[in-house]
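File shown: model_4.pdb. Contents: PDB, C-alpha atoms (C1' of nucleotides).
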```pdb
ATOM      1  CA  MET Q   1      -5.675 -14.294  14.745
ATOM      2  CA  THR Q   2      -8.177 -13.498  12.119
ATOM      3  CA  ARG Q   3      -6.720 -10.230  11.058
ATOM      4  CA  LYS Q   4      -3.537 -10.665   9.166
ATOM      5  CA  ARG Q   5      -2.297  -7.331   8.049
ATOM      6  CA  THR Q   6       0.142  -7.814   5.273
ATOM      7  CA  ASN Q   7       0.389  -4.189   4.354
ATOM      8  CA  PRO Q   8      -0.164  -2.143   7.471
ATOM      9  CA  ASP Q   9      -1.205   1.451   7.589
ATOM     10  CA  PHE Q  10       1.241   4.269   7.009
ATOM     11  CA  LEU Q  11       4.269   2.048   6.467
ATOM     12  CA  ASN Q  12       4.307   1.852   2.714
ATOM     13  CA  GLY Q  13       7.723   2.867   1.452
ATOM     14  CA  VAL Q  14       9.046   3.559   4.925
ATOM     15  CA  PRO Q  15      11.512   0.642   4.961
ATOM     16  CA  GLU Q  16      13.159   1.907   1.800
ATOM     17  CA  LEU Q  17      13.441   5.407   3.209
ATOM     18  CA  LEU Q  18      14.975   4.181   6.448
ATOM     19  CA  ILE Q  19      17.416   1.861   4.724
ATOM     20  CA  LEU Q  20      18.666   4.632   2.469
ATOM     21  CA  GLN Q  21      19.005   6.918   5.458
ATOM     22  CA  LEU Q  22      20.785   4.471   7.750
ATOM     23  CA  LEU Q  23      23.171   3.312   5.042
ATOM     24  CA  SER Q  24      24.043   6.870   4.098
ATOM     25  CA  ARG Q  25      25.560   7.316   7.537
ATOM     26  CA  ARG Q  26      27.509   4.122   7.811
ATOM     27  CA  SER Q  27      27.656   0.747   6.144
ATOM     28  CA  MET Q  28      25.651  -2.034   7.701
ATOM     29  CA  TYR Q  29      24.544  -5.559   6.922
ATOM     30  CA  GLY Q  30      20.986  -6.791   6.640
ATOM     31  CA  TYR Q  31      20.584  -8.420   9.989
ATOM     32  CA  GLU Q  32      22.065  -5.363  11.622
ATOM     33  CA  ILE Q  33      19.604  -3.067   9.908
ATOM     34  CA  VAL Q  34      16.688  -5.107  11.182
ATOM     35  CA  GLN Q  35      17.940  -4.760  14.739
ATOM     36  CA  GLU Q  36      18.901  -1.115  14.346
ATOM     37  CA  ILE Q  37      15.459  -0.017  13.167
ATOM     38  CA  LYS Q  38      13.866  -1.882  16.026
ATOM     39  CA  GLN Q  39      16.119  -0.272  18.604
ATOM     40  CA  SER Q  40      16.300   3.269  17.307
ATOM     41  CA  THR Q  41      12.515   3.519  17.109
ATOM     42  CA  GLY Q  42      11.912   1.940  20.484
ATOM     43  CA  GLN Q  43      10.155  -1.043  18.912
ATOM     44  CA  VAL Q  44       7.649   1.206  17.174
ATOM     45  CA  LEU Q  45       8.900   0.046  13.796
ATOM     46  CA  GLU Q  46       9.850  -3.585  13.330
ATOM     47  CA  PHE Q  47      10.507  -4.745   9.800
ATOM     48  CA  GLY Q  48      11.284  -8.408   9.444
ATOM     49  CA  GLU Q  49      14.059  -9.933   7.443
ATOM     50  CA  GLY Q  50      11.572 -10.969   4.799
ATOM     51  CA  CYS Q  51      11.014  -7.283   4.198
ATOM     52  CA  ILE Q  52      14.577  -5.997   4.467
ATOM     53  CA  TYR Q  53      16.520  -8.530   2.426
ATOM     54  CA  PRO Q  54      14.453  -8.302  -0.756
ATOM     55  CA  LEU Q  55      14.573  -4.534  -0.457
ATOM     56  CA  LEU Q  56      18.357  -4.529  -0.174
ATOM     57  CA  HIS Q  57      18.558  -6.637  -3.312
ATOM     58  CA  LYS Q  58      16.147  -4.391  -5.163
ATOM     59  CA  LEU Q  59      17.948  -1.211  -4.156
ATOM     60  CA  GLU Q  60      21.282  -2.693  -5.086
ATOM     61  CA  SER Q  61      20.012  -3.727  -8.509
ATOM     62  CA  GLN Q  62      18.866  -0.148  -8.958
ATOM     63  CA  LYS Q  63      22.382   1.048  -8.123
ATOM     64  CA  LEU Q  64      21.125   2.916  -5.092
ATOM     65  CA  LEU Q  65      23.251   0.761  -2.812
ATOM     66  CA  ASN Q  66      26.751  -0.649  -3.059
ATOM     67  CA  SER Q  67      27.586  -3.942  -1.443
ATOM     68  CA  GLU Q  68      30.623  -5.825  -0.286
ATOM     69  CA  SER Q  69      30.907  -9.359   1.098
ATOM     70  CA  ARG Q  70      32.946 -10.244   4.140
ATOM     71  CA  VAL Q  71      33.401 -13.174   6.434
ATOM     72  CA  VAL Q  72      33.426 -12.335  10.111
ATOM     73  CA  SER Q  73      34.176 -15.215  12.477
ATOM     74  CA  GLY Q  74      32.902 -17.788  10.041
ATOM     75  CA  ARG Q  75      29.659 -15.993   9.227
ATOM     76  CA  LYS Q  76      29.081 -14.317   5.942
ATOM     77  CA  ARG Q  77      28.122 -10.700   5.957
ATOM     78  CA  VAL Q  78      27.018  -8.556   3.074
ATOM     79  CA  ILE Q  79      27.747  -4.965   3.867
ATOM     80  CA  TYR Q  80      25.751  -2.262   2.153
ATOM     81  CA  ARG Q  81      26.171   1.450   1.753
ATOM     82  CA  THR Q  82      24.107   4.133   0.065
ATOM     83  CA  SER Q  83      25.572   5.154  -3.281
ATOM     84  CA  ALA Q  84      25.649   8.638  -4.752
ATOM     85  CA  ALA Q  85      22.503   7.897  -6.702
ATOM     86  CA  GLY Q  86      21.002   6.500  -3.515
ATOM     87  CA  LYS Q  87      21.632   9.752  -1.721
ATOM     88  CA  LYS Q  88      19.797  11.643  -4.412
ATOM     89  CA  ARG Q  89      16.910   9.264  -4.084
ATOM     90  CA  LEU Q  90      17.071   9.647  -0.332
ATOM     91  CA  ALA Q  91      16.806  13.402  -0.609
ATOM     92  CA  THR Q  92      13.723  13.335  -2.807
ATOM     93  CA  SER Q  93      12.205  10.594  -0.712
ATOM     94  CA  GLN Q  94      12.735  12.601   2.460
ATOM     95  CA  GLU Q  95      11.148  15.626   0.905
ATOM     96  CA  ASN Q  96       8.212  13.568  -0.265
ATOM     97  CA  TRP Q  97       7.798  12.174   3.219
ATOM     98  CA  ARG Q  98       7.816  15.618   4.794
ATOM     99  CA  ARG Q  99       5.360  16.982   2.265
ATOM    100  CA  ILE Q 100       2.940  14.191   3.007
ATOM    101  CA  VAL Q 101       3.337  14.486   6.762
ATOM    102  CA  ALA Q 102       2.629  18.210   6.497
ATOM    103  CA  ALA Q 103      -0.382  17.642   4.257
ATOM    104  CA  VAL Q 104      -1.908  15.032   6.530
ATOM    105  CA  GLY Q 105      -1.191  17.225   9.518
ATOM    106  CA  SER Q 106      -3.012  20.124   7.923
ATOM    107  CA  VAL Q 107      -6.131  17.997   7.624
ATOM    108  CA  LEU Q 108      -5.825  16.492  11.084
ATOM    109  CA  GLU Q 109      -5.426  19.864  12.682
ATOM    110  CA  GLY Q 110      -8.359  21.180  10.743
ATOM    111  CA  ALA Q 111      -6.565  23.903   8.897
ATOM    112  CA  THR Q 112      -9.070  23.539   6.097
ATOM    113  CA  HIS Q 113     -10.660  26.743   4.938
ATOM    114  CA  GLY Q 114     -10.001  29.478   7.401
ATOM    115  CA  ARG Q 115     -11.822  27.666  10.152
ATOM    116  CA  PRO Q 116      -9.480  27.775  13.105
ATOM    117  CA  GLU Q 117     -11.974  26.270  15.487
ATOM    118  CA  LEU Q 118     -11.218  23.970  18.331
ATOM    119  CA  ALA Q 119      -9.604  20.689  17.559
TER     120      ALA Q 119
ATOM    121  CA  MET E   1       8.691   4.440 -19.249
ATOM    122  CA  THR E   2       5.752   5.810 -17.519
ATOM    123  CA  ARG E   3       5.751   3.726 -14.445
ATOM    124  CA  LYS E   4       2.359   3.173 -13.043
ATOM    125  CA  ARG E   5       2.366   3.452  -9.308
ATOM    126  CA  THR E   6      -0.655   1.740  -7.933
ATOM    127  CA  ASN E   7       0.432   1.881  -4.345
ATOM    128  CA  PRO E   8       2.637   4.876  -3.836
ATOM    129  CA  ASP E   9       4.946   5.467  -0.955
ATOM    130  CA  PHE E  10       3.727   6.634   2.407
ATOM    131  CA  LEU E  11       0.050   6.757   1.515
ATOM    132  CA  ASN E  12      -1.106   3.428   2.812
ATOM    133  CA  GLY E  13      -4.034   3.955   5.142
ATOM    134  CA  VAL E  14      -3.949   7.723   4.767
ATOM    135  CA  PRO E  15      -7.235   7.979   2.832
ATOM    136  CA  GLU E  16      -9.067   6.145   5.589
ATOM    137  CA  LEU E  17      -7.574   8.404   8.234
ATOM    138  CA  LEU E  18      -8.523  11.552   6.356
ATOM    139  CA  ILE E  19     -12.048  10.373   5.633
ATOM    140  CA  LEU E  20     -12.683   9.582   9.274
ATOM    141  CA  GLN E  21     -11.285  12.948  10.250
ATOM    142  CA  LEU E  22     -13.191  15.042   7.724
ATOM    143  CA  LEU E  23     -16.477  13.269   8.388
ATOM    144  CA  SER E  24     -16.102  13.662  12.121
ATOM    145  CA  ARG E  25     -16.397  17.416  11.651
ATOM    146  CA  ARG E  26     -19.250  17.607   9.220
ATOM    147  CA  SER E  27     -21.133  15.302   6.904
ATOM    148  CA  MET E  28     -20.021  15.192   3.330
ATOM    149  CA  TYR E  29     -20.624  13.150   0.205
ATOM    150  CA  GLY E  30     -18.053  11.211  -1.754
ATOM    151  CA  TYR E  31     -17.439  13.583  -4.575
ATOM    152  CA  GLU E  32     -17.102  16.405  -2.081
ATOM    153  CA  ILE E  33     -14.481  14.510  -0.097
ATOM    154  CA  VAL E  34     -12.380  13.986  -3.185
ATOM    155  CA  GLN E  35     -12.379  17.722  -3.861
ATOM    156  CA  GLU E  36     -11.891  18.672  -0.232
ATOM    157  CA  ILE E  37      -8.770  16.561   0.234
ATOM    158  CA  LYS E  38      -7.313  18.013  -2.926
ATOM    159  CA  GLN E  39      -7.962  21.572  -1.835
ATOM    160  CA  SER E  40      -7.093  21.383   1.828
ATOM    161  CA  THR E  41      -3.731  19.803   1.088
ATOM    162  CA  GLY E  42      -2.886  22.152  -1.729
ATOM    163  CA  GLN E  43      -2.904  19.321  -4.277
ATOM    164  CA  VAL E  44      -0.306  17.387  -2.328
ATOM    165  CA  LEU E  45      -2.782  14.591  -1.759
ATOM    166  CA  GLU E  46      -5.168  13.623  -4.531
ATOM    167  CA  PHE E  47      -7.183  10.486  -4.045
ATOM    168  CA  GLY E  48      -9.397   9.594  -6.962
ATOM    169  CA  GLU E  49     -12.958   8.404  -6.792
ATOM    170  CA  GLY E  50     -11.834   4.855  -7.418
ATOM    171  CA  CYS E  51     -10.076   5.080  -4.089
ATOM    172  CA  ILE E  52     -12.637   7.012  -2.045
ATOM    173  CA  TYR E  53     -15.895   5.304  -2.956
ATOM    174  CA  PRO E  54     -14.843   1.744  -2.150
ATOM    175  CA  LEU E  55     -13.433   3.024   1.120
ATOM    176  CA  LEU E  56     -16.665   4.743   2.066
ATOM    177  CA  HIS E  57     -18.527   1.520   1.450
ATOM    178  CA  LYS E  58     -16.071  -0.479   3.465
ATOM    179  CA  LEU E  59     -16.113   1.925   6.391
ATOM    180  CA  GLU E  60     -19.893   2.021   6.356
ATOM    181  CA  SER E  61     -20.118  -1.764   6.369
ATOM    182  CA  GLN E  62     -17.833  -1.687   9.387
ATOM    183  CA  LYS E  63     -20.216   0.721  11.123
ATOM    184  CA  LEU E  64     -17.563   3.380  11.269
ATOM    185  CA  LEU E  65     -19.655   5.682   9.099
ATOM    186  CA  ASN E  66     -23.347   6.440   8.919
ATOM    187  CA  SER E  67     -24.935   7.351   5.620
ATOM    188  CA  GLU E  68     -28.044   9.059   4.363
ATOM    189  CA  SER E  69     -29.311   9.488   0.821
ATOM    190  CA  ARG E  70     -30.628  12.734  -0.545
ATOM    191  CA  VAL E  71     -31.576  14.185  -3.861
ATOM    192  CA  VAL E  72     -30.252  17.652  -4.536
ATOM    193  CA  SER E  73     -31.444  19.274  -7.765
ATOM    194  CA  GLY E  74     -31.987  15.963  -9.470
ATOM    195  CA  ARG E  75     -28.658  14.441  -8.475
ATOM    196  CA  LYS E  76     -28.370  11.754  -5.899
ATOM    197  CA  ARG E  77     -26.088  12.342  -2.985
ATOM    198  CA  VAL E  78     -25.020   9.925  -0.302
ATOM    199  CA  ILE E  79     -24.046  11.852   2.766
ATOM    200  CA  TYR E  80     -21.675  10.244   5.239
ATOM    201  CA  ARG E  81     -20.713  11.034   8.795
ATOM    202  CA  THR E  82     -18.309   9.433  11.233
ATOM    203  CA  SER E  83     -20.128   7.296  13.805
ATOM    204  CA  ALA E  84     -19.236   6.935  17.451
ATOM    205  CA  ALA E  85     -17.290   3.783  16.667
ATOM    206  CA  GLY E  86     -15.630   5.671  13.831
ATOM    207  CA  LYS E  87     -14.428   8.336  16.209
ATOM    208  CA  LYS E  88     -12.832   5.741  18.395
ATOM    209  CA  ARG E  89     -11.117   4.291  15.373
ATOM    210  CA  LEU E  90     -10.087   7.776  14.329
ATOM    211  CA  ALA E  91      -8.482   8.404  17.698
ATOM    212  CA  THR E  92      -6.405   5.223  17.623
ATOM    213  CA  SER E  93      -5.541   5.783  13.978
ATOM    214  CA  GLN E  94      -4.369   9.305  14.704
ATOM    215  CA  GLU E  95      -2.222   8.087  17.542
ATOM    216  CA  ASN E  96      -0.781   5.381  15.358
ATOM    217  CA  TRP E  97       0.008   7.956  12.694
ATOM    218  CA  ARG E  98       1.760  10.234  15.168
ATOM    219  CA  ARG E  99       3.751   7.369  16.633
ATOM    220  CA  ILE E 100       4.993   6.360  13.222
ATOM    221  CA  VAL E 101       5.792   9.911  12.170
ATOM    222  CA  ALA E 102       7.783  10.358  15.371
ATOM    223  CA  ALA E 103       9.579   7.043  14.882
ATOM    224  CA  VAL E 104      10.544   7.795  11.307
ATOM    225  CA  GLY E 105      11.593  11.261  12.335
ATOM    226  CA  SER E 106      13.845   9.863  15.004
ATOM    227  CA  VAL E 107      15.694   7.864  12.372
ATOM    228  CA  LEU E 108      15.803  10.663   9.819
ATOM    229  CA  GLU E 109      17.075  13.184  12.313
ATOM    230  CA  GLY E 110      19.216  10.672  14.136
ATOM    231  CA  ALA E 111      22.556  12.347  13.901
ATOM    232  CA  THR E 112      25.764  10.542  13.173
ATOM    233  CA  HIS E 113      26.776  10.766  16.799
ATOM    234  CA  GLY E 114      26.851   8.028  19.374
ATOM    235  CA  ARG E 115      24.118   5.831  20.636
ATOM    236  CA  PRO E 116      21.109   7.216  22.430
ATOM    237  CA  GLU E 117      20.450   5.812  25.846
ATOM    238  CA  LEU E 118      17.387   3.995  26.950
ATOM    239  CA  ALA E 119      14.356   6.071  27.709
TER     240      ALA E 119
ATOM    241  C1'  DG M   1     -31.357  20.777 -30.826
ATOM    242  C1'  DG M   2     -27.127  18.912 -29.887
ATOM    243  C1'  DT M   3     -22.723  18.870 -27.704
ATOM    244  C1'  DT M   4     -19.836  19.692 -24.015
ATOM    245  C1'  DG M   5     -18.476  19.851 -19.267
ATOM    246  C1'  DA M   6     -19.253  19.480 -14.411
ATOM    247  C1'  DT M   7     -21.521  16.915 -10.991
ATOM    248  C1'  DA M   8     -22.281  12.459  -8.619
ATOM    249  C1'  DC M   9     -22.402   7.820  -8.149
ATOM    250  C1'  DC M  10     -20.232   3.089  -8.931
ATOM    251  C1'  DT M  11     -17.175  -1.253 -10.304
ATOM    252  C1'  DT M  12     -13.369  -3.964 -12.055
ATOM    253  C1'  DT M  13      -8.705  -4.894 -12.939
ATOM    254  C1'  DT M  14      -3.968  -4.325 -11.874
ATOM    255  C1'  DA M  15       0.340  -3.496  -9.583
ATOM    256  C1'  DG M  16       3.081  -3.029  -5.642
ATOM    257  C1'  DT M  17       4.374  -3.954  -0.753
ATOM    258  C1'  DT M  18       4.831  -6.006   3.884
ATOM    259  C1'  DT M  19       4.048 -10.000   6.328
ATOM    260  C1'  DG M  20       4.775 -14.510   7.978
ATOM    261  C1'  DA M  21       6.397 -18.736   7.500
ATOM    262  C1'  DG M  22       9.658 -21.385   5.738
ATOM    263  C1'  DG M  23      14.673 -22.782   4.668
ATOM    264  C1'  DT M  24      20.113 -23.051   5.196
ATOM    265  C1'  DA M  25      24.229 -22.718   7.901
ATOM    266  C1'  DT M  26      27.772 -21.302  11.472
ATOM    267  C1'  DG M  27      29.546 -20.176  16.162
ATOM    268  C1'  DT M  28      28.888 -20.056  21.252
ATOM    269  C1'  DC M  29      27.508 -21.495  25.623
ATOM    270  C1'  DA M  30      25.852 -24.587  29.134
TER     271       DA M  30
ATOM    272  C1'  DT O   1      24.740 -32.655  22.714
ATOM    273  C1'  DG O   2      21.304 -29.360  22.358
ATOM    274  C1'  DA O   3      19.692 -24.832  22.260
ATOM    275  C1'  DC O   4      20.135 -20.333  20.744
ATOM    276  C1'  DA O   5      21.664 -16.216  18.445
ATOM    277  C1'  DT O   6      23.602 -14.856  14.313
ATOM    278  C1'  DA O   7      23.253 -14.214   9.263
ATOM    279  C1'  DC O   8      21.729 -15.090   4.967
ATOM    280  C1'  DC O   9      17.731 -16.118   1.726
ATOM    281  C1'  DT O  10      12.875 -17.080  -0.733
ATOM    282  C1'  DC O  11       7.937 -17.376  -1.564
ATOM    283  C1'  DA O  12       2.750 -17.150  -1.284
ATOM    284  C1'  DA O  13      -0.861 -14.533   0.741
ATOM    285  C1'  DA O  14      -3.284 -10.363   1.851
ATOM    286  C1'  DC O  15      -4.188  -5.757   1.411
ATOM    287  C1'  DT O  16      -4.496  -1.215  -0.818
ATOM    288  C1'  DA O  17      -4.591   2.771  -4.115
ATOM    289  C1'  DA O  18      -4.540   3.733  -9.025
ATOM    290  C1'  DA O  19      -6.499   3.825 -13.423
ATOM    291  C1'  DA O  20      -9.918   3.318 -16.442
ATOM    292  C1'  DG O  21     -14.267   2.417 -17.511
ATOM    293  C1'  DG O  22     -19.453   2.976 -16.862
ATOM    294  C1'  DT O  23     -24.175   5.330 -15.742
ATOM    295  C1'  DA O  24     -26.926   9.444 -15.313
ATOM    296  C1'  DT O  25     -28.426  14.362 -14.417
ATOM    297  C1'  DC O  26     -28.095  19.271 -15.133
ATOM    298  C1'  DA O  27     -26.266  23.846 -16.944
ATOM    299  C1'  DA O  28     -24.224  26.356 -20.556
ATOM    300  C1'  DC O  29     -23.096  27.222 -25.082
ATOM    301  C1'  DC O  30     -23.588  27.665 -30.069
TER     302       DC O  30
END
```
As structure tokens:
Amino acid sequence: MTRKRTNPDFLNGVPELLILQLLSRRSMYGYEIVQEIKQSTGQVLEFGEGCIYPLLHKLESQKLLNSESRVVSGRKRVIYRTSAAGKKRLATSQENWRRIVAAVGSVLEGATHGRPELA
Amino acid sequence: MTRKRTNPDFLNGVPELLILQLLSRRSMYGYEIVQEIKQSTGQVLEFGEGCIYPLLHKLESQKLLNSESRVVSGRKRVIYRTSAAGKKRLATSQENWRRIVAAVGSVLEGATHGRPELA
DNA sequence: GGTTGATACCTTTTAGTTTGAGGTATGTCA
DNA sequence: TGACATACCTCAAACTAAAAGGTATCAACC
């Protein structure tokens, strides 16, 4: 309808973080990643192909991912995997994520200035 | 080169969430909010005035905030407070935040082991 | 008296990101 | 044959925070 959210709350940078994480465990191809994120978050996070594919290309051009092309039963697959540099980036990105989650949590739970009142 | 991040990772929508939260506890003015967020997060989050002021105006125009002008020792202050509608929005926004944090966490902590079953 | 810095408000421009819609092509199943 | 899932890809639109600039008052300092 009228509200078309092209850049929804709280999701900025999350696709990149998840891609680096998933591909550090095992290699996957784009379409698979889209499905995997959907499933493993119980449909809470759903990033479309229009989000994932450009990101894979960007991360690969930054040498954070390695890729390899295969043909499986007639269909082309491009298989990606997090590189060594990608794992470094993943580590700092994870830490950044946790720092921010903690900081937001401290405001939400009202741990401002020694005022441990009710929430 | 000094890369200029205009929309940094993980922060999308966070300023709005924090503003609604802070102003649901007590009324504050813009400049105060900027300082408060900086302090209460230990400098982890620092949103400039160019981010906060436009947001205050937007939230007020959406009736999520009430405002009141005062003059304190010659300086004008616009004091804001979260409205009833704003508290509703705050509640859903908080829940959304927690859902996303949990979802991302489930991927980040998702061990290398087998597949989790349906809930 | 003049300069600096902190307070307090505001706007404009810019860059980056997800979305959604669109496109191509193959294999499988009814 | 048609429909559908798979699997890849691209592009414009919409939204948001950052940065930098602007106005004005007051307190402190030399």
Can you turn the PyMOL selection byres ((chain E) within 10 of (chain M)) into a concrete residue list for this file, as a count of residues only? 19
Could you write out as a ChimeraX atom specification the residues of chain Q within 9 Å of chain E, counting only C-alpha atoms? /Q:7-14,17-18,21-22,25-26,37,40-42,44-45,93-94,96-97,99-104,106-108,110-113
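When CA of Tyr80 (chain E) is paired with CA of Lys58 (chain E), their separation reads 12.2 Å.
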Just the number, please: distance in Å from CA of Val71 (chain E) to C1' of DT23 (chain O), one decimal. 16.6 Å
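Once chain Q is fitted onto chain E using all Cα atoms matched in sequence order, the root-mean-square deviation is 3.3 Å.
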